[in-house]
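Below is one structure, written out as structure tokens, with a few remarks after it.
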Amino acid sequence: MAEINGRRIGVAVDFSECSKKALNWAIDNVVRDGDYLILITVAHDMHYEEGEMQLWETVGSPLIPLSEFSEAAVMKKYGVKPDAETLDIANTASRQKSITVVMKIYWGDPREKICEAVEHIPLSSLVIGNRGLGGLKRMIMGSVSNHVVNNVACPVTVVKAHH
């Protein structure tokens with residue numbers, strides 16, 4: 001993928017209602033023409049069907065263009081299933097604004113991987129929902145959004161699930 005010029009706005013997505021709310025909020029309030037909107041998703045398990053996947057386990061997937069991550073067949077390779085509503089939000093934003101929408105997939109602990117994404121992409125800012133990153137697991141691990149807010153250098157907006 002070509003060098004990214006322009007702001008890089010990351011949104012943590014896990015395809016929950018809360019992450020869709022965060023995505024909509026980012027599009028309505030943060031993203032402007034010329035920006036890159038980067039959907040960051042963290043998958044739990046890694047399938048070793050292909051050699052390149054082992055490399056990606058550490059660094060995350062390449063940046064996947066919207067046209068590709070909208071195709072179920074492509075996403076199956078990554079073991080990720082974006083829901084129709086998230087894809088619709090992304091496709092609509094891409095049509096209505098002069099922005100580039102891409103997705104990057106990581107594997108592992110969302111708290112660590114979202115922090116890595118911020119640093120490595122690197123992101124200009126991050127929008128994250130405060131709920132939905134793994135239900136019961138979240139109570140055990142502590143909140144993903146709290147961890148991210150306390151550990152990354154870029155501005156983070158936490159979008160609340162319920163007002």
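Going through the structure tokens in order, the chains are called A, B, and so on, while each chain numbers its residues from 1 and the ligands are numbered from 1 in the order shown.
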
DSSP-assigned strand (DSSP E) among region 27-146 of chain A, expressed as a PDB file with N, CA, C and O atoms, in the first residue's frame:
ATOM      1  N   TYR A  36      -7.420   9.045   6.439  1.00  0.00           N
ATOM      2  CA  TYR A  36      -7.494   7.588   6.373  1.00  0.00           C
ATOM      3  C   TYR A  36      -8.297   7.154   7.576  1.00  0.00           C
ATOM      4  O   TYR A  36      -7.985   7.548   8.701  1.00  0.00           O
ATOM      5  N   LEU A  37      -9.347   6.365   7.335  1.00  0.00           N
ATOM      6  CA  LEU A  37     -10.136   5.802   8.424  1.00  0.00           C
ATOM      7  C   LEU A  37      -9.701   4.344   8.528  1.00  0.00           C
ATOM      8  O   LEU A  37      -9.866   3.572   7.580  1.00  0.00           O
ATOM      9  N   ILE A  38      -9.093   3.998   9.646  1.00  0.00           N
ATOM     10  CA  ILE A  38      -8.521   2.667   9.793  1.00  0.00           C
ATOM     11  C   ILE A  38      -9.286   1.888  10.853  1.00  0.00           C
ATOM     12  O   ILE A  38      -9.289   2.252  12.030  1.00  0.00           O
ATOM     13  N   LEU A  39      -9.990   0.858  10.404  1.00  0.00           N
ATOM     14  CA  LEU A  39     -10.740   0.008  11.331  1.00  0.00           C
ATOM     15  C   LEU A  39      -9.769  -1.026  11.892  1.00  0.00           C
ATOM     16  O   LEU A  39      -9.146  -1.769  11.136  1.00  0.00           O
ATOM     17  N   ILE A  40      -9.630  -1.022  13.200  1.00  0.00           N
ATOM     18  CA  ILE A  40      -8.686  -1.943  13.830  1.00  0.00           C
ATOM     19  C   ILE A  40      -9.486  -3.014  14.544  1.00  0.00           C
ATOM     20  O   ILE A  40     -10.321  -2.717  15.396  1.00  0.00           O
ATOM     21  N   THR A  41      -9.243  -4.246  14.168  1.00  0.00           N
ATOM     22  CA  THR A  41      -9.957  -5.330  14.813  1.00  0.00           C
ATOM     23  C   THR A  41      -8.956  -6.347  15.347  1.00  0.00           C
ATOM     24  O   THR A  41      -7.904  -6.550  14.749  1.00  0.00           O
ATOM     25  N   VAL A  42      -9.276  -6.924  16.493  1.00  0.00           N
ATOM     26  CA  VAL A  42      -8.378  -7.899  17.108  1.00  0.00           C
ATOM     27  C   VAL A  42      -9.103  -9.237  17.160  1.00  0.00           C
ATOM     28  O   VAL A  42     -10.130  -9.368  17.823  1.00  0.00           O
ATOM     29  N   ALA A  43      -8.562 -10.203  16.421  1.00  0.00           N
ATOM     30  CA  ALA A  43      -9.165 -11.535  16.404  1.00  0.00           C
ATOM     31  C   ALA A  43      -8.509 -12.378  17.486  1.00  0.00           C
ATOM     32  O   ALA A  43      -7.373 -12.118  17.889  1.00  0.00           O
ATOM     33  N   ILE A  64      -5.908  -3.557   4.735  1.00  0.00           N
ATOM     34  CA  ILE A  64      -6.815  -4.200   3.769  1.00  0.00           C
ATOM     35  C   ILE A  64      -7.793  -3.156   3.245  1.00  0.00           C
ATOM     36  O   ILE A  64      -8.534  -2.555   4.031  1.00  0.00           O
ATOM     37  N   PRO A  65      -7.793  -2.908   1.923  1.00  0.00           N
ATOM     38  CA  PRO A  65      -8.707  -1.901   1.370  1.00  0.00           C
ATOM     39  C   PRO A  65     -10.176  -2.293   1.578  1.00  0.00           C
ATOM     40  O   PRO A  65     -10.503  -3.475   1.655  1.00  0.00           O
ATOM     41  N   THR A 100     -10.108   7.477   2.687  1.00  0.00           N
ATOM     42  CA  THR A 100      -9.696   6.119   2.347  1.00  0.00           C
ATOM     43  C   THR A 100      -9.988   5.247   3.562  1.00  0.00           C
ATOM     44  O   THR A 100      -9.533   5.556   4.666  1.00  0.00           O
ATOM     45  N   VAL A 101     -10.764   4.189   3.350  1.00  0.00           N
ATOM     46  CA  VAL A 101     -11.126   3.308   4.462  1.00  0.00           C
ATOM     47  C   VAL A 101     -10.368   1.990   4.318  1.00  0.00           C
ATOM     48  O   VAL A 101     -10.415   1.359   3.256  1.00  0.00           O
ATOM     49  N   VAL A 102      -9.653   1.617   5.360  1.00  0.00           N
ATOM     50  CA  VAL A 102      -8.911   0.356   5.357  1.00  0.00           C
ATOM     51  C   VAL A 102      -9.126  -0.354   6.691  1.00  0.00           C
ATOM     52  O   VAL A 102      -9.608   0.246   7.650  1.00  0.00           O
ATOM     53  N   MET A 103      -8.779  -1.628   6.716  1.00  0.00           N
ATOM     54  CA  MET A 103      -8.887  -2.386   7.956  1.00  0.00           C
ATOM     55  C   MET A 103      -7.535  -3.022   8.259  1.00  0.00           C
ATOM     56  O   MET A 103      -6.799  -3.380   7.341  1.00  0.00           O
ATOM     57  N   LYS A 104      -7.220  -3.118   9.525  1.00  0.00           N
ATOM     58  CA  LYS A 104      -6.015  -3.849   9.927  1.00  0.00           C
ATOM     59  C   LYS A 104      -6.411  -4.799  11.043  1.00  0.00           C
ATOM     60  O   LYS A 104      -7.120  -4.417  11.963  1.00  0.00           O
ATOM     61  N   ILE A 105      -5.989  -6.042  10.888  1.00  0.00           N
ATOM     62  CA  ILE A 105      -6.368  -7.082  11.845  1.00  0.00           C
ATOM     63  C   ILE A 105      -5.143  -7.503  12.657  1.00  0.00           C
ATOM     64  O   ILE A 105      -4.057  -7.681  12.109  1.00  0.00           O
ATOM     65  N   TYR A 106      -5.359  -7.606  13.942  1.00  0.00           N
ATOM     66  CA  TYR A 106      -4.322  -8.125  14.839  1.00  0.00           C
ATOM     67  C   TYR A 106      -4.868  -9.379  15.499  1.00  0.00           C
ATOM     68  O   TYR A 106      -6.069  -9.612  15.521  1.00  0.00           O
ATOM     69  N   TRP A 107      -3.955 -10.168  16.063  1.00  0.00           N
ATOM     70  CA  TRP A 107      -4.364 -11.363  16.793  1.00  0.00           C
ATOM     71  C   TRP A 107      -3.786 -11.311  18.183  1.00  0.00           C
ATOM     72  O   TRP A 107      -2.606 -11.003  18.354  1.00  0.00           O
ATOM     73  N   SER A 125      -5.211   9.720  15.817  1.00  0.00           N
ATOM     74  CA  SER A 125      -6.111   9.628  16.958  1.00  0.00           C
ATOM     75  C   SER A 125      -6.891   8.323  16.874  1.00  0.00           C
ATOM     76  O   SER A 125      -6.943   7.689  15.820  1.00  0.00           O
ATOM     77  N   LEU A 126      -7.471   7.939  18.014  1.00  0.00           N
ATOM     78  CA  LEU A 126      -8.172   6.660  18.105  1.00  0.00           C
ATOM     79  C   LEU A 126      -9.536   6.875  18.733  1.00  0.00           C
ATOM     80  O   LEU A 126      -9.674   7.636  19.690  1.00  0.00           O
ATOM     81  N   VAL A 127     -10.542   6.192  18.177  1.00  0.00           N
ATOM     82  CA  VAL A 127     -11.884   6.212  18.758  1.00  0.00           C
ATOM     83  C   VAL A 127     -12.201   4.769  19.154  1.00  0.00           C
ATOM     84  O   VAL A 127     -11.982   3.839  18.380  1.00  0.00           O
ATOM     85  N   ILE A 128     -12.684   4.604  20.384  1.00  0.00           N
ATOM     86  CA  ILE A 128     -12.948   3.257  20.892  1.00  0.00           C
ATOM     87  C   ILE A 128     -14.237   3.278  21.704  1.00  0.00           C
ATOM     88  O   ILE A 128     -14.548   4.267  22.363  1.00  0.00           O
ATOM     89  N   GLY A 129     -14.994   2.204  21.625  1.00  0.00           N
ATOM     90  CA  GLY A 129     -16.205   2.097  22.448  1.00  0.00           C
ATOM     91  C   GLY A 129     -15.820   1.663  23.854  1.00  0.00           C
ATOM     92  O   GLY A 129     -14.761   1.080  24.060  1.00  0.00           O
TER      93      GLY A 129
END

Counting only C-alpha atoms, which residues of region 88-126 of chain A sit at most 8 Å from some atom of region 4-27 of chain A, and what is each one's closest atom pair with its distance in Å to one decimal, listed by chain and rising residue number, as a tab-separated table?
residue	atom	partner	partner_atom	distance
A:Ile89	CA	A:Asn24	CA	7.1
A:Ala93	CA	A:Ile27	CA	6.9
A:Ile114	CA	A:Ala12	CA	7.3
A:Val118	CA	A:Gly10	CA	7.8
A:Pro122	CA	A:Arg8	CA	7.4
A:Leu123	CA	A:Arg8	CA	5.0
A:Ser124	CA	A:Arg8	CA	5.1
A:Ser125	CA	A:Ile9	CA	5.2
A:Leu126	CA	A:Gly10	CA	4.6

Hey, can you spit out that residue selection with N, CA and C atoms as an mmCIF file, in the first residue's frame?
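again28.cif was written with the following content:
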data_model
loop_
_atom_site.group_PDB
_atom_site.id
_atom_site.type_symbol
_atom_site.label_atom_id
_atom_site.label_comp_id
_atom_site.auth_asym_id
_atom_site.auth_seq_id
_atom_site.Cartn_x
_atom_site.Cartn_y
_atom_site.Cartn_z
ATOM 1 N N ILE A 89 -21.768 0.932 7.125
ATOM 2 C CA ILE A 89 -21.308 2.211 7.675
ATOM 3 C C ILE A 89 -20.021 2.637 6.954
ATOM 4 N N ALA A 93 -19.618 5.843 4.335
ATOM 5 C CA ALA A 93 -18.661 6.914 4.652
ATOM 6 C C ALA A 93 -17.704 7.128 3.490
ATOM 7 N N ILE A 114 -4.265 -3.102 20.390
ATOM 8 C CA ILE A 114 -4.752 -1.773 20.001
ATOM 9 C C ILE A 114 -3.658 -0.737 20.306
ATOM 10 N N VAL A 118 -1.704 1.750 17.488
ATOM 11 C CA VAL A 118 -1.543 3.199 17.617
ATOM 12 C C VAL A 118 -0.100 3.595 17.310
ATOM 13 N N PRO A 122 1.455 4.845 12.295
ATOM 14 C CA PRO A 122 0.919 5.178 13.612
ATOM 15 C C PRO A 122 -0.359 5.995 13.447
ATOM 16 N N LEU A 123 -1.198 6.001 14.479
ATOM 17 C CA LEU A 123 -2.472 6.715 14.387
ATOM 18 C C LEU A 123 -2.340 8.159 14.858
ATOM 19 N N SER A 124 -3.123 9.041 14.221
ATOM 20 C CA SER A 124 -3.209 10.442 14.657
ATOM 21 C C SER A 124 -4.147 10.525 15.850
ATOM 22 N N SER A 125 -5.211 9.720 15.817
ATOM 23 C CA SER A 125 -6.111 9.628 16.958
ATOM 24 C C SER A 125 -6.891 8.323 16.874
ATOM 25 N N LEU A 126 -7.471 7.939 18.014
ATOM 26 C CA LEU A 126 -8.172 6.660 18.105
ATOM 27 C C LEU A 126 -9.536 6.875 18.733
#

From A:His147, A:Glu68, A:Val59, A:Asp35, residue lying nearest Arg111 (chain A) [only C-alpha atoms]: A:His147

Helix (DSSP H, G or I) positions in chain A, given as a PyMOL selection string: chain A and resi 17-29+51-59+66-69+72-78+84-96+110-120+135-141+144-151

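Rounded to one decimal, CA of Val144 (chain A) and CA of Asn130 (chain A) lie 7.7 Å from each other.
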
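The coordinates place CA of Arg131 (chain A) at 27.8 Å from CA of Gln96 (chain A).
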
Distance criterion (only C-alpha atoms): nearest to Glu57 (chain A) out of A:Val159, A:Ser94, A:Phe69, A:Gly108: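 With only C-alpha atoms as the atom set, the closest residue is A:Gly108.
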